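J.: Handing you this structure, nothing more for now.
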There are 4 protein chains.
Amino acid sequence: MRALGVGIVGGGYMGKAHAVAMAAVGAVFDTALRPRLEVICAATPASAERYRAAYGFARATADWQELVADPAVEAVVVATPQALHREIVLAAVALGKPVFCEKPLGLSFEESREMADAAEAAGVANMVGFNYVRTPATQFARRLIAEGAIGTPTWFRGEHTEDFLADPRSPATWRTRGAANGTLGDLAPHMVNCALALLGPIAEVSSEIETVHALRPGASGTEPVTNDDQAQMMCRFASGIMGHLFFSRIATGRKMGYAYEVHGTAGAIRFDQEDQNTLWLYRSEGPAATRGFSRILAGPEHPDYLPFCQGPGHGTGYQDQIIIEARDFLRAIETGTPVWPTFRDGAAVNAVIAAARRSAEGRRWAAVPQV
Amino acid sequence: MRALGVGIVGGGYMGKAHAVAMAAVGAVFDTALRPRLEVICAATPASAERYRAAYGFARATADWQELVADPAVEAVVVATPQALHREIVLAAVALGKPVFCEKPLGLSFEESREMADAAEAAGVANMVGFNYVRTPATQFARRLIAEGAIGTPTWFRGEHTEDFLADPRSPATWRTRGAANGTLGDLAPHMVNCALALLGPIAEVSSEIETVHALRPGASGTEPVTNDDQAQMMCRFASGIMGHLFFSRIATGRKMGYAYEVHGTAGAIRFDQEDQNTLWLYRSEGPAATRGFSRILAGPEHPDYLPFCQGPGHGTGYQDQIIIEARDFLRAIETGTPVWPTFRDGAAVNAVIAAARRSAEGRRWAAVPQV
Amino acid sequence: MRALGVGIVGGGYMGKAHAVAMAAVGAVFDTALRPRLEVICAATPASAERYRAAYGFARATADWQELVADPAVEAVVVATPQALHREIVLAAVALGKPVFCEKPLGLSFEESREMADAAEAAGVANMVGFNYVRTPATQFARRLIAEGAIGTPTWFRGEHTEDFLADPRSPATWRTRGAANGTLGDLAPHMVNCALALLGPIAEVSSEIETVHALRPGASGTEPVTNDDQAQMMCRFASGIMGHLFFSRIATGRKMGYAYEVHGTAGAIRFDQEDQNTLWLYRSEGPAATRGFSRILAGPEHPDYLPFCQGPGHGTGYQDQIIIEARDFLRAIETGTPVWPTFRDGAAVNAVIAAARRSAEGRRWAAVPQV
Amino acid sequence: MRALGVGIVGGGYMGKAHAVAMAAVGAVFDTALRPRLEVICAATPASAERYRAAYGFARATADWQELVADPAVEAVVVATPQALHREIVLAAVALGKPVFCEKPLGLSFEESREMADAAEAAGVANMVGFNYVRTPATQFARRLIAEGAIGTPTWFRGEHTEDFLADPRSPATWRTRGAANGTLGDLAPHMVNCALALLGPIAEVSSEIETVHALRPGASGTEPVTNDDQAQMMCRFASGIMGHLFFSRIATGRKMGYAYEVHGTAGAIRFDQEDQNTLWLYRSEGPAATRGFSRILAGPEHPDYLPFCQGPGHGTGYQDQIIIEARDFLRAIETGTPVWPTFRDGAAVNAVIAAARRSAEGRRWAAVPQV
């Protein structure tokens, strides 16, 4: 067991989640590497200091380059706005430091690929923060599908739907400005990653992307919205499976509508993040009279559940997903073995998004570029 | 109150449902017209006689023309295989007799339009048997949307999914032969009709249609499947709303997956026929802390519920939908006022299907023809 | 196949349900006996005539004795207020006519036993209208338990909860007057019957009965409520199983809360009438990781479902339960074999209620009398 | 902000949960007091050392008295088997140290009262670990009831059901030996505490307690089970409300069946820990046609949710409840103000259990002793 100095760039929502995770992960998983909270970086010296005190870091800075270069920082977590990911990541890997970067990796497929290339060239551990695939339920779903528990998959439907901008009177913010912050740029990556995790690469998509509420109240009168409210795509996996993906930030009533269903020749799976400790499984076995979807509660038999609670039905939550990510990142550093999803996997997500944009523009099917 | 002689062509599943409905509708709804079961027609004299005795008709025949021409038959219900709809319907309307025809109306858009033209020219009552839109819950959903209870709709997702052919080892039958009996031809019309009922005309679709299990055990060895197992379409309603439709007969675990969700600027609605007495409604009102989807149980306040049971939560079922259809058909005859969905509405459903086929062939968006 | 003249005493809610059932049952079940609607009896000549016309009876009367004595009436359905059950039933069985009587059978255990004795002495078919045990789901639950699918039962919890008097401002009506019309007298019998059907006789109970809202608005000022709003009882089945029953008409939010759960050594069952086409089944088999309650949709494999609809998930409703009852009553008449629940079974329900009243008065356990 | 030395007695399941909580609570809640993990005590030096390393404590011991007396230990968490609670707690409070003790507080009502007396006499912060009442959903339920959102409560039903001993072939363990480890002694306290939290004191109970599986496989042949498998009680709250409680460790299919429902004159609440991020709320307002139970997802508007995640629907889990407890314990120490549930509240839970045992023995109602 040895300590590992950690620096986190970004002190807001996700920065905090990672700070808590780094504080707790050792005790939860009895990890070989034990994070030591070295440096936190935020937009201003004052906010950085506030976060430092709150989260328990040793030092604070408003200069991410200082954090990255700090010799006591042996691993970097990037939890900044997306536009800064590339620069920070490239600087860190250039110094040979392992990097965990929040999703989506880069602003574009090209950026993400560049980051993956750089990290691989540097030979450093690298991971993207697609936390939702780390719930015990979704990890178990992935295993069930891989083991053939539902036979050969024949259909995938995924969505990531929320309603934080459902009200047309909600004011313009950074979320309503710029493609990267739109639904496809910001929400979609989670579920695209999930689709890839469960069923493998997507080969082709046909997409529609739209801004339903084109104008919103701004600081000085009405402001045009410059990104999308919702998007959908029909898709064809490389394996030949047909699917559909839907993303929305105006899905009234949906709070964390990260949900999927997979049909197979011998069973089916359903999941909804709004009830994250439940996996619904149907098996085409036994008498028809007793067949039905089973509501399986997450429990000790499912991946990464037991370290959080011994009893089934006790349940894990959002913060626990981040702790599992931290364990995986530490394991990647410790063992030198890449832990999924790597930057390369993150680039694969961007590739699907890029194809969707091309498809929607041309109103036709578009191939997903090779990663 | 007066009696009305009814003839039903087709004695199987749907023929029986209509026979029961005609026997019960008068007492349930205290209708002005009271059906008298005159003639039942089936494929052979023996089967017709068996149905006659079972359902309580006065006479049986294996000749639908005899039934249609029978002077005691004042109204005709067509519950035969689809391929016979056109001929029977045209013969009945030519004699000035009201016709209720099971869904889908015709084998093609052109056929359906011809039948609508003929019925309108003859000035006879005409209806198509899209029974699922007649549940109290879906009728109420339609009313809520029309009244603006969820604001302006922004998204529609519908599916009709079952799993009766999910097992690749299930043998070939009439269901696996011919486009009209495939998923798009046979299952899709119900939910397309529902989409049109809830949100108005569809202008354009982009579709994928596929046969996942291309070969099935046949009478003598393997038999090729000549129609589709599943199909999806992105769609654009004439009102500008974006949507998605999915149809499958290989949706393992789904038994009656006639389900839809509608997002609006001020609320949302969800429904699943597998729990047909429940409508889920979300309203963006009141404090955020107490907002959530409400599970509304069908009850006396909802359309056409009270005649079946006075208490909320007591519930109606499949047969009751057919009884409601019968009431509507009788009312159309009695009042001379068309009752939705008419043959024209049935043709509109075929129009969407036709556009989907064109779209899938060309792998591009296709406009829905004018009805 | 032969016709059977039927008379129904009571034209309101339940009278109508039985009239519809008698009109439909032949076609639904292809019964050997075919009901012919002979006479309907209601409180006044005018209301009787109105019901006659609406439901399609041959004759109307306001004199139940006339109905019972009518030679064309070969079987009698009693759907009057409870207070009249005894007199009508005794008159009908005295004439050797089969009787179907709505629940609860008599106003007291003694009355019910007298009716059972009389019917058995006369050797006529007799049944009580506990319709809810006739859903395909509950029939299937009964079969599963009997077959040992959940091992040896260890616990039963049942409730019948509604909220029609939850508002203390709801006015006094006949429902708030007299023990027979209270929660224990009127609602409880359904679920007591269900408990007996699923797990056999109850030996002993310990009960609490209360009137939460003791005064309600009356015709002239405030009126005292003379029966109970809710009641509960711990119970011990003759087999040794422990259980609990709860009944309420002030269970805010509950519309048809006829619900039960049964734990067994090898499984468990849950049911809620508000979702009557679903049975939840848990089996302690297979790997722990995939165990969970399965949501089984009523379908053709379940008792009495197929005659209503061929497809699983299509669903039956309240009226269909009454049709199933009609089929069972006809079968009892035709075969001369008693069909459960007979008057004797109805008396067993009263016996439990009687013991509950004694228990609540003395605030101690009370034995259920022998039936 | 200042550090607070913490010692935890007990390194197993609950000891670990508290260790993780103490490591994370500062960052999560930005607490004024920051726990420093000083000493962990376990049964043997070896296990203590293992826990120390795993959880990150400074020192390990197998002697709880050493831990309690350690000057660097400023606050003590007791997470040992119940039989040790009293001695450790009394020693710690005698030294003027704040104590957090796992539930149930003492083995008996008398023990718990003694501990409460001692802690109050010493003037030290004291809390009992009833973690389940700390979910955002249940905290919100408590607030809703207190604020009258469901009107005047009229009924409470609570259960704590699990199935870890449902299989009669499960071997005898410490859980099957001794009253304190039985269902009533070990599981019941959580839900009794919840009932008291939501509706206030219970005045009287009538109970049944039973050992369904009296013999289990033991180390050497069959071993008698010396405590209860399940228990139920009818109860009467001091406010006059009627209720029922049920506890089982043989509730096949239930994993964390900590569930309750409360009916009120203007609404109702339902909760099930197996879906801990959902609260079901019914309000008797608005048109009857749109009333129904609303599924409210835990979110930032609910108590203690926001520090874990900003988005609604993201969800908290079991470990987060323990972190909330840690925050409350720290706050009690910091402010000198008792934080519910105190030892006195813990004794109140024991009082109900004690009355239930008396009631079951005498098979009659028993008054709950004054606390």
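The chains in the structure tokens are called A, B, ... from first to last as shown; in each chain the residues are counted from 1, and the ligands are counted from 1 in the order shown.
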Hey, what's within 10 Å of Asp163 of chain B if we count only C-alpha atoms and toss same-chain stuff fewer than 4 positions away? As a ChimeraX atom specification, please?
T.: /A:263,265 /B:167,229,248-257
J.: I need the residues from that last selection saved to file as a short mmCIF file (atom, residue, chain, number, x, y, z; two decimals), in the first residue's frame (with N, CA and C atoms), if you can.
T.:
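Final output, out_36.cif:
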```
data_model
loop_
_atom_site.label_atom_id
_atom_site.label_comp_id
_atom_site.auth_asym_id
_atom_site.auth_seq_id
_atom_site.Cartn_x
_atom_site.Cartn_y
_atom_site.Cartn_z
N HIS A 263 -33.26 -6.25 -26.52
CA HIS A 263 -33.98 -7.49 -26.80
C HIS A 263 -32.99 -8.50 -27.35
N THR A 265 -32.57 -12.96 -28.51
CA THR A 265 -33.35 -14.12 -28.95
C THR A 265 -33.81 -14.98 -27.78
N ASP B 167 -38.59 -16.25 -30.78
CA ASP B 167 -37.78 -17.45 -30.84
C ASP B 167 -37.51 -17.81 -32.29
N ASP B 229 -39.57 -8.59 -39.37
CA ASP B 229 -39.67 -8.87 -37.93
C ASP B 229 -39.78 -7.60 -37.10
N SER B 248 -42.25 -4.36 -33.42
CA SER B 248 -41.50 -5.61 -33.39
C SER B 248 -42.38 -6.77 -32.98
N ARG B 249 -42.13 -7.90 -33.59
CA ARG B 249 -42.79 -9.13 -33.15
C ARG B 249 -41.75 -10.06 -32.54
N ILE B 250 -40.54 -9.54 -32.35
CA ILE B 250 -39.47 -10.33 -31.73
C ILE B 250 -38.94 -9.61 -30.48
N ALA B 251 -39.80 -8.80 -29.88
CA ALA B 251 -39.39 -8.02 -28.71
C ALA B 251 -39.55 -8.87 -27.45
N THR B 252 -38.59 -9.74 -27.25
CA THR B 252 -38.67 -10.72 -26.17
C THR B 252 -39.13 -10.08 -24.85
N GLY B 253 -40.14 -10.67 -24.25
CA GLY B 253 -40.63 -10.18 -22.97
C GLY B 253 -41.83 -9.26 -23.10
N ARG B 254 -42.03 -8.72 -24.29
CA ARG B 254 -43.17 -7.82 -24.49
C ARG B 254 -44.36 -8.62 -25.01
N LYS B 255 -45.49 -8.43 -24.38
CA LYS B 255 -46.68 -9.18 -24.76
C LYS B 255 -47.66 -8.27 -25.50
N MET B 256 -47.87 -7.12 -24.98
CA MET B 256 -48.76 -6.15 -25.63
C MET B 256 -48.12 -4.77 -25.43
N GLY B 257 -46.96 -4.62 -26.06
CA GLY B 257 -46.16 -3.40 -25.86
C GLY B 257 -46.63 -2.25 -26.72
#
```
J.: Using only C-alpha atoms, I'd like every residue of chain B that has an atom within 6 Å of chain C; please write them out as a ChimeraX atom specification.
T.: /B:20,23-24,27,30,54-55,255-256,274,312-318
J.: May I ask for the distance between atom CA of Asp328 of chain C and atom CA of Asp63 of chain C, given in Å to one decimal place?
T.: 27.2 Å
J.: Measuring atom to atom with only C-alpha atoms, identify which of D:Val371, D:Ile333, D:Val93, D:Val205 is nearest to Leu33 of chain D.
T.: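 Comparing D:Val371, D:Ile333, D:Val93, D:Val205 against Leu33 of chain D, the winner is D:Ile333.
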J.: Please provide as a PyMOL selection string all residues within 6 Å of segment 361-366 of chain B, with the sequence filter that same-chain residues fewer than 6 positions apart are discarded (counting only C-alpha atoms).
T.: (chain A and resi 364) or (chain B and resi 204-206+355)
J.: For the selection you just gave me, I'd like the residues written to a file as a short mmCIF file (atom, residue, chain, number, x, y, z; two decimals), in the first residue's frame, keeping N, CA and C atoms.
T.:
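Done, and the output landed in result_20.cif:
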```
data_model
loop_
_atom_site.label_atom_id
_atom_site.label_comp_id
_atom_site.auth_asym_id
_atom_site.auth_seq_id
_atom_site.Cartn_x
_atom_site.Cartn_y
_atom_site.Cartn_z
N ARG A 364 -29.30 11.99 -44.18
CA ARG A 364 -29.09 10.63 -44.70
C ARG A 364 -28.19 9.86 -43.74
N GLU B 204 -43.56 13.20 -42.69
CA GLU B 204 -42.34 12.65 -43.28
C GLU B 204 -41.77 11.59 -42.36
N VAL B 205 -41.19 10.56 -42.93
CA VAL B 205 -40.58 9.51 -42.12
C VAL B 205 -39.24 9.07 -42.70
N SER B 206 -38.40 8.54 -41.81
CA SER B 206 -37.16 7.90 -42.23
C SER B 206 -37.12 6.56 -41.51
N ALA B 355 -45.13 5.24 -46.88
CA ALA B 355 -43.95 6.13 -46.89
C ALA B 355 -42.78 5.45 -46.20
#
```
J.: Could you give me the residues within segment 68-112 of chain D that DSSP places in helix (DSSP H, G or I), as number ranges by chain?
T.: D: 68-69, 82-94, 109-112
J.: My list of candidates is C:Ala83, C:Met191, C:Ala332, C:Ala122. Which is closest to Ala259 of chain C when distances are computed with only C-alpha atoms?
T.: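 Smallest separation from Ala259 of chain C among the options: C:Met191.
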J.: What's around segment 44-46 of chain D at 8 Å? Count only C-alpha atoms, leave out sequence neighbours fewer than 4 positions away in its own chain, and write the answer as a list of chain:residue names.
T.: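 Those residues are D:Arg50, D:Ala60, D:Thr61, D:Ala62.
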J.: Just to confirm, what's the straight-line distance from atom CA of Lys97 of chain C to atom CA of Arg344 of chain C in Å (one decimal)?
T.: 17.0 Å
J.: May I ask for the distance between atom CA of Pro98 of chain D and atom CA of Val124 of chain D, given in Å to one decimal place?
T.: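 These atoms are spaced 5.0 Å apart.
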